[in-house]
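Data first, discussion second: the structure below is written as structure tokens.
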Amino acid sequence: MNTTRFDVILTVADTRAREKMREWKHLGSGRELTDVVIVDSYTTDAVLSEGETASVLSSLVNATMERGTANGHIIEKPFTAAIEIGYLPGVTDNVGMTAQETISDVTGRDQGDALVASSRVYALYGNISDPDIERIKKSLYNPLIERAHVTLWSQYEKEYGFSRVLTPVSLHANATASAVSLAVTDDELKKIGTEGIRNADGTRRGPLALTLADMRAIREHFNTMHRDPTDIELEMIAQTWSEHCKHRIFASPMADIPKGIYKEYIKRATEEIRKKKGRKDFCVSVFSDNSGIIEFDKNWLVTHKVETHNSPSALDPFGGAITGIVGVNRDAIGTGLGAKPVANMYGFCVGDPFSDPNNSHPLYRDANQKEQMLPPRRILDGVVKGINSGGNASGIPTPHGFLLCEDRFRGKPLVFAGTVGLLPRKTAGRKSWEKAAMPGDYIVSVGNRVGLDGIHGATFSSVKLDEGSPATAVQIGDPITQKKFSDMLVKEARDRGLYNSITDNGAGGISSAIGEMAREAGGCRIDLEKVPVKYPGLAPWQIWISESQERMTLAVPKGKWKELAALAKSRGVEATVIGEFTKGDHCVIQWNGKTILDLSLDFLHNGWPREEIRVHAPERILRPLKARDSAMNLSDELLAMLSRPSVASHLFIAEQYDYEVQGGSVTKPVQGRGRVPSPASVTKPVLSSPAGVLMTSALYPAYSDGDTYNMAAASIDTAVRQAIAGGATPDSIAILDNFCWSRSNTPESMYELREAGRACYETALVYQTPYISGKDSMHNDFHGFDRAGKHVDISIPPTLLISALAVLPNALTAMTLDFKGEGDYLYLLGETHDEFGGTEYAAMHGGSNVGIPKVDAQAWAPLYKKYARAQKYANAAFAVGRGGLATALAKMSIGGGLGFDIDLKKVPGTWTSPEAALFSESQGRIVAAVPARSRRLFELLIGKNVVRIGRVTKGGAVVVRVKDETVLEATVGALAHAFEKTFKAF
Amino acid sequence: MKTKPKVIVFSGYGLNCEEETKFAFEEAGGKADIVHINDVIADPKMLLKYQILAMPGGFSYGDDTGSGKAYGNRLNNHLGEVLKEFIKRDTLVIGICNGFQILTAAGILPGALTYNESARYMDRWVDIEAVGESPWTRGLGVISVPIAHGEGKYVLPKEGAPNVALKYTQGPACEYQNLPMNPNGAAEDIAAVLSPDGRILGMMPHPERGMFFHQRPDWQKLQNDLKNKGKKVPTYGDGFALFKNAISYYNKGVKK
């Protein structure tokens with residue numbers, strides 16, 4: 001193989017290298033480092049003349065600040081060691097692909113078949129030891145997807161440059177479909193379900209996540225047809241029946257709810273709310289599409305969907321998070337006839353990055369301690385970077401997000417990613433929210449090619465994480481390929497009416513996408529060999545279920561295909577006809593003319609056996625809050641609270657995400673002088689419309705330690721209050737549910753799930769907040785080993801994330817959280833009780849599950865209505881949440897750079913100590929600041945439903961009194977310092 | 001009635017600020033079309049129908065191989081000639097953020113843009129002061145607008161001094177949030193540069209994201225203070241002036 005290696009180096013100061021050096025020194029490896037030089041490299045097997053090589057080089061080098069070589073000796077000064085990081089064969093290499101396009105552009109020849117691999121070299125200088133080099137190497141790459149190679153100066157000299165590594169993917173798979181006999185023992189049947197189909201050499205293909213009952217139902221179905229299933233048929237059934245795709249736990253009967261949680265609690269709540277709202281019902285399409293759709297204004301609709309990407313993020317946080325955000329963007333693009341993504345949100349629940357900073361107590365997935373879990377800090381850094389790369393590069397603002405740190409997320413982090421989309425009500429003469437593939441329509445695959453990446457993603461996320469977790473489940477996102485087809489689809493093809501239906505290829509790949517769309521038409525027939533692949537040698541079943549990212553499936557009328565194909569070509573998008581939708585009710589796949597899959601869609605979608613899920617109330621050991629020192633200093637308590645990772649400023653995340661692209665920013669994710677991360681923000685998705693959308697979200701995982709019902713109710717209540725404080729009216733709020741559960745095979749956990757479901761039904765009904773979309777992730781458990789080889793099980797606390805989406809007819813009625821003026825009056829809505837269970841304050845003092853904050857939606861709903869009408873006379877508002885009243889006031893104060901003076905005596909409720917008044921997380925509360933000019937009007941509208949607790953003060957003094965006795969004294973500066981210091985070095 | 005000046009806003013390959021850029025030009029009185037670069041390559045002469053060319057912000061080619069490089073190459077390889085012809089006429093060109101990176105990578109503007117001093121992508125507001133002579137920045141003074149970039153640190157050309165348009169300065173935005181005035185370590189605090197005749201402007205900050213008052217980070221505080229004084233709250237923000245300037249360059253027939 002004739003390869004060319006292009007090396008590029010900055011001739012001006014390289015801040016990346018300086019930051020890396022700082023990071024390594026901070027980690028304690030490389031204290032002796034004197035310099036780091038970064039080389040960006042591109043290695044290719046494209047056939048290039050000497051002239052072409054020179055032109056390519058000059059295209060890869062910006063002569064003002066870079067220099068480069070082709071097959072040369074880029075570094076002249078002897079280094080101690082050079083660490084090169086590249087991708088493993090077959091892993092998405094975006095930089096390599098851009099370099100390939102550059103080579104095509106420069107040579108004027110399509111170089112699509114040429115391999116181009118990007119890599120990066122870190123040349124290290126100074127007297128550094130081998131163990132240090134090893135540590136630095138480890139910090140630079142993830143062995144699941146990347147390769148690392150250390151070169152010493154002597155080698156580099158000898159070979160005159162870095163070695164040229166270019167490894168094509170080599171597959172030895174049997175590229176045909178084979179029959180799988182199910183006439184086997186129950187034991188083997190079970191094994192096929194849990195470990196996968198057996199290969200000829202005895203190895204297994206990876207989990208199908210099918211139970212014995214499932215396997216028996218499949219066997220029975222094929223027995224009636226007198227044949228064995230093929231491997232591809234089994235794989236497709238497994239994808240479709242997976243927990244990830246079918247939400248079987250939510251669809252299964254439970255005691256008292258024969259139709260299951262989804263139908264009895266979630267869907268029923270929405271149906272009843274919509275009925276009651278009558279003409280004020282703003283829902284357009286709920287639960288049936290890739291996102292929920294609600295009304296925006298007379299011309300537009302907005303969509304919302306929140307996804308989780310927990311399992312992939314545990315293995316490769318960067319890849320997990322970027323595919324999470326880019327994947328949920330695709331949910332918007334696949335909603336209705338194609339919504340334009342207009343706002344992203346993120347949420348991270350990770351282990352406490354400070355509890356074991358040196359990773360002295362690592363976890364392993366295997367007993368041999370070969371596969372180490374990444375420590376919380378690495379996971380946090382990775383997921384933050386993943387959303388950064390995905391969201392920023394896609395040109396979608398990220399105005400909302402949160403960070404929660406708790407050690408029970410150490411084994412499996414939760415990574416939420418959500419996207420709001422924008423749809424015109426009408427497009428190409430059709431209702432934009434309705435779509436249907438028609439018999440005879442071409443099945444068109446758009447976007448990236450298929451590889452081995454993401455095989456068994458759907459079934460993998462439906463099981464726990466252990467040593468068998470497949471590395472192929474890890475993928476890297478490619479936001480630019482997606483941006484190209486996204487623009488082509490939602491900005492051009494949709495409005496030209498070039499397709500009848502669209503959906504994204506998410507979990508289960510084309511098998512799920514086409515399987516879903518085929519129901520619209522009747523059936524489908526696919527010529528699987530036509531699916532574009534990244535490299536040869538893939539078996540049919542692999543092509544069919546691969547979750548290679550950045551792909552959509554369209555139903556294109558035959559008469560429109562030519563126009564669509566031409567458009568795609570001119571936009572640099574690959575679009576391929578791979579089959580046809582049919583009238584029949586079967587999905588049929590052919591492989592070079594031979595039928596290898598023929599499944600009834602009815603069996604595929606409805607054939608899975610329903611089993612009643614057993615529930616049993618858990619026995620809880622009550623853990624009251626430990627006694628505190630009676631002489632405790634409440635100021636110190638507040639400062640400590642503000643520094644806690646789940647409360648402290650995560651400005652470093654918010655500000656590295658572009659929250660202003662598309663020009664719609666109204667209230668920002670960081671607010672006020674003090675740049676305080678805000679729980680809600682408003683964006684204008686249509687610049688010519690006065691309306692805006694508000695995004696917010698809330699969760700209280702630790703409340704599940706005592707009361708899962710109120711865990712769920714509090715999440716809903718907080719999301720609703722945050723929306724109101726941010727400027728929404730209570731009757732305009734739609735919500736989304738993301739259940740993240742653990743120990744889902746135990747009746748106790750299922751009892752808790754049912755309780756949470758019941759809270760979802762009852763609370764939403766009172767607040768009249770319909771669910772428009774939801775998703776669940778049921779297996780957030782880690783089963784592994786510690787350093788001593790001892791078994792370690794870590795399960796997340798049952799978690800419900802409630803996200804809210806509200807439309808503001810006038811976006812400028814949005815409200816920020818920061819104090820605006822000295823002398824403004826402070827009002828408090830709601831009552832305060834001694835509710836410490838599961839709170840952040842309890843966590844600060846050893847934890848407690850007694851006195852979980854309760855929600856009384858019936859009593860509060862009318863108050864929220866009154867309050868929302870009065871809020872326009874306020875100039876700042878904050879929904880009291882994690883960390884209680886003191887934290888809420890502190891954030892408003894830091895935001896405004898102004899102090900406050902309040903009297904706790906005025907705070908209503910049954911609280912019994914200043915400590916409780918300040919730190920209890922009683923729900924139902926909002927703090928509002930009201931300027932003197934509108935105080936009368938505010939009070940007139942709200943009546944006696946709020947109390948005035950104090951005032952905003954000039955200067956930086958923060959004073960909390962109980963009548964005349966001062967119980968807390970601080971300065972805004974001190975609060976801000978405590979709030980900001982935690983993540984200052986991140 | 002005067003004919004509206006015609007604006008072409010480029011798109012494709014990951015550019016992503018084309019819609020709000022078009023909106024800003026139209027709000028200022030122009031007529032703007034978003035055109036995919038491949039459509040211009042298919043019909044290069046179409047460029048000559050326009051008076052103003054905007055290369056908007058974005059992430060062309062994902063910044064892979066260096067921000068602006070691949071798109072800049074594409075411009076040069078396929079549209080080099082017609083661009084020269086376009087620029088020769090009495091036209092205006094603006095490159096914003098990634099658009100600025102593209103214009104420097106294509107050699108249309110001097111200098112280059114490299115990784116921020118923090119080596120991290122950052123979204124924040126800055127204050128910039130007009131220092132050069134250009135139809136774009138006439139009467140601008142000091143304005144507050146946002147930046148959002150990972151590679152915005154201006155590097156001086158190897159030879160000759162650039163015609164500087166805008167410099168980062170200490171103003172209301174920095175004061176409000178106590179921020180350093182130079183957000184990325186740019187040489188000589190340069191935020192924007194011009195062609196020698198001032199008609200081509202490349203800038204890292206995003207004027208289109210600061211065209212309305214409500215886009216400011218401090219708008220609610222300012223609104224509160226204005227209401228306290230019984231004063232009216234403005235509609236537009238500082239960034240709008242650049243677009244107004246470009247349109248009035250044609251509408252008023254003002255020539256340099």
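Chains: A, B, ... in order of the structure tokens. Residues: from 1 per chain. Ligands: from 1, in order shown.
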**Message:** For Ser548 in chain A, find every residue with an atom within 8 Å (counting only C-alpha atoms), except residues of its own chain fewer than 6 positions away, and show them as an MDAnalysis selection string.
**Reply:** chainID A and resid 448:454 475 509
Go ahead and write the selection's residues with C-alpha atoms as a short mmCIF file (atom, residue, chain, number, x, y, z; two decimals), in the first residue's frame.
```cif
data_model
loop_
_atom_site.label_atom_id
_atom_site.label_comp_id
_atom_site.auth_asym_id
_atom_site.auth_seq_id
_atom_site.Cartn_x
_atom_site.Cartn_y
_atom_site.Cartn_z
CA ASN A 448 -24.18 7.99 6.75
CA ARG A 449 -23.16 4.53 5.70
CA VAL A 450 -23.57 1.42 7.77
CA GLY A 451 -20.77 -0.18 9.73
CA LEU A 452 -20.36 -2.42 12.70
CA ASP A 453 -20.72 0.51 15.07
CA GLY A 454 -23.72 0.29 17.28
CA GLN A 475 -20.15 5.19 18.55
CA GLY A 509 -31.18 1.06 13.10
#
```
Practice prompt. Compile the contact shell of range 755-759 of chain A as a ChimeraX atom specification: residues with an atom at most 9 Å away, counting only C-alpha atoms, same-chain residues fewer than 6 positions apart removed.
Written response: /A:261-262,264-266,707-713,800
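Residue-level contact on chain A: within 6 Å of chain B, counting only C-alpha atoms, the set is Thr15, Arg16, Thr64, Val95, Ala393, Gly395, Ile480, Lys483, Lys484, Glu655, Gln656, Asp658, Gln662, Gly663, Ser665, Val666, Arg673 and Lys820 of chain A.
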Deliver the residues from the most recent selection as a file, using C-alpha atoms, as an mmCIF file, in the first residue's frame.
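result_9.cif was written with the following content:
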```cif
data_model
loop_
_atom_site.group_PDB
_atom_site.id
_atom_site.type_symbol
_atom_site.label_atom_id
_atom_site.label_comp_id
_atom_site.auth_asym_id
_atom_site.auth_seq_id
_atom_site.Cartn_x
_atom_site.Cartn_y
_atom_site.Cartn_z
ATOM 1 C CA THR A 15 -3.053 26.989 23.493
ATOM 2 C CA ARG A 16 -4.285 23.393 23.264
ATOM 3 C CA THR A 64 -0.175 32.318 8.296
ATOM 4 C CA VAL A 95 -11.609 14.807 10.561
ATOM 5 C CA ALA A 393 -21.324 22.006 15.477
ATOM 6 C CA GLY A 395 -25.879 25.122 14.971
ATOM 7 C CA ILE A 480 -21.806 17.733 9.993
ATOM 8 C CA LYS A 483 -26.375 18.978 9.453
ATOM 9 C CA LYS A 484 -26.111 18.528 5.690
ATOM 10 C CA GLU A 655 -20.798 28.839 28.674
ATOM 11 C CA GLN A 656 -19.047 26.345 26.457
ATOM 12 C CA ASP A 658 -23.555 28.109 22.153
ATOM 13 C CA GLN A 662 -30.233 31.083 15.511
ATOM 14 C CA GLY A 663 -30.625 34.494 17.167
ATOM 15 C CA SER A 665 -32.051 34.006 22.879
ATOM 16 C CA VAL A 666 -34.353 35.879 25.281
ATOM 17 C CA ARG A 673 -24.255 40.115 36.721
ATOM 18 C CA LYS A 820 -32.484 44.088 39.844
#
```
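As for CA of Met97 in chain A and CA of Gln111 in chain A, they are spaced 10.3 Å apart.
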Separating CA of Glu529 in chain A from CA of Ile578 in chain A, to the nearest tenth of an Å, is a gap of 8.1 Å
Report as a PyMOL selection string all protein, DNA and RNA residues lying within 8 Å of Gly99 in chain B, evaluated on only C-alpha atoms, omitting residues in the same chain fewer than 2 positions from it. chain B and resi 54-58+68+94-97+101-103+202
Could you pull the residues within 9 Å of Gly141 in chain B, counting only C-alpha atoms, minus those fewer than 5 positions along the same chain, as a ChimeraX atom specification?
-> /B:128-131
Can you tell me, as a PyMOL selection string, which residues in range 50-194 of chain B count as strand (DSSP E) by DSSP?
chain B and resi 52-55+92-96+112-114+122-130+142-149+153-155+163-169+190-194
(request) Have a look at CA of Arg425 in chain A and CA of Lys31 in chain B and let me know their distance in Å, one decimal. (result)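 For CA of Arg425 in chain A relative to CA of Lys31 in chain B, the distance reads 25.3 Å.
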For range 764-772 of chain A, find every residue with an atom within 6 Å (counting only C-alpha atoms), except residues of its own chain fewer than 2 positions away, and show them as an mmCIF file with C-alpha atoms, in the first residue's frame.
```cif
data_model
loop_
_atom_site.group_PDB
_atom_site.id
_atom_site.type_symbol
_atom_site.label_atom_id
_atom_site.label_comp_id
_atom_site.auth_asym_id
_atom_site.auth_seq_id
_atom_site.Cartn_x
_atom_site.Cartn_y
_atom_site.Cartn_z
ATOM 1 C CA ALA A 269 -53.569 11.642 32.226
ATOM 2 C CA THR A 270 -52.950 13.294 28.886
ATOM 3 C CA ILE A 273 -56.324 16.723 30.480
ATOM 4 C CA VAL A 286 -48.623 13.194 21.418
ATOM 5 C CA GLY A 292 -44.546 15.396 21.040
ATOM 6 C CA ILE A 733 -47.193 23.981 30.211
ATOM 7 C CA ALA A 734 -46.585 20.622 28.549
ATOM 8 C CA ILE A 735 -44.344 18.065 30.223
ATOM 9 C CA LEU A 736 -42.162 15.117 29.272
ATOM 10 C CA CYS A 760 -47.456 11.262 37.454
ATOM 11 C CA TYR A 761 -51.135 10.685 36.782
ATOM 12 C CA GLU A 762 -52.516 12.456 39.840
ATOM 13 C CA ALA A 861 -52.615 24.795 41.641
#
```
- Query: Which of range 42-267 of chain A counts as alpha helix (DSSP H) under DSSP, as an MDAnalysis selection string please?
  - Reply: chainID A and resid 50:60 94:107 130:140 153:158 186:195 212:224 231:241 243:246 248:251 260:261
Selected residue of minimal separation from Leu53 in chain B among B:Glu133, B:Asp90, B:Glu81, B:Asp197, counting only C-alpha atoms
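Under the stated criterion, the closest residue is B:Asp90.
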Need to verify the contact set: Gly391 in chain A, 8 Å, only C-alpha atoms, exclusion of same-chain residues closer than 2 positions in sequence. Can you return it as a PDB file with C-alpha atoms, in the first residue's frame?
```
ATOM      1  CA  ILE A 322     -22.464  13.347  21.297  1.00  0.00           C
ATOM      2  CA  ILE A 325     -27.554  14.951  21.438  1.00  0.00           C
ATOM      3  CA  VAL A 326     -27.140  14.422  17.704  1.00  0.00           C
ATOM      4  CA  ASN A 344     -31.160  21.611  22.858  1.00  0.00           C
ATOM      5  CA  ILE A 387     -22.650  17.787  24.067  1.00  0.00           C
ATOM      6  CA  ASN A 388     -20.257  20.614  23.201  1.00  0.00           C
ATOM      7  CA  SER A 389     -19.138  18.933  19.973  1.00  0.00           C
ATOM      8  CA  ALA A 393     -21.324  22.006  15.477  1.00  0.00           C
ATOM      9  CA  SER A 394     -24.990  21.458  14.600  1.00  0.00           C
ATOM     10  CA  GLY A 395     -25.879  25.122  14.971  1.00  0.00           C
ATOM     11  CA  ILE A 396     -28.550  24.438  17.561  1.00  0.00           C
ATOM     12  CA  PRO A 397     -28.576  26.588  20.701  1.00  0.00           C
ATOM     13  CA  THR A 398     -28.330  24.917  24.110  1.00  0.00           C
ATOM     14  CA  TYR A 657     -22.333  25.640  24.714  1.00  0.00           C
ATOM     15  CA  ASP A 658     -23.555  28.109  22.153  1.00  0.00           C
TER      16      ASP A 658
END
```
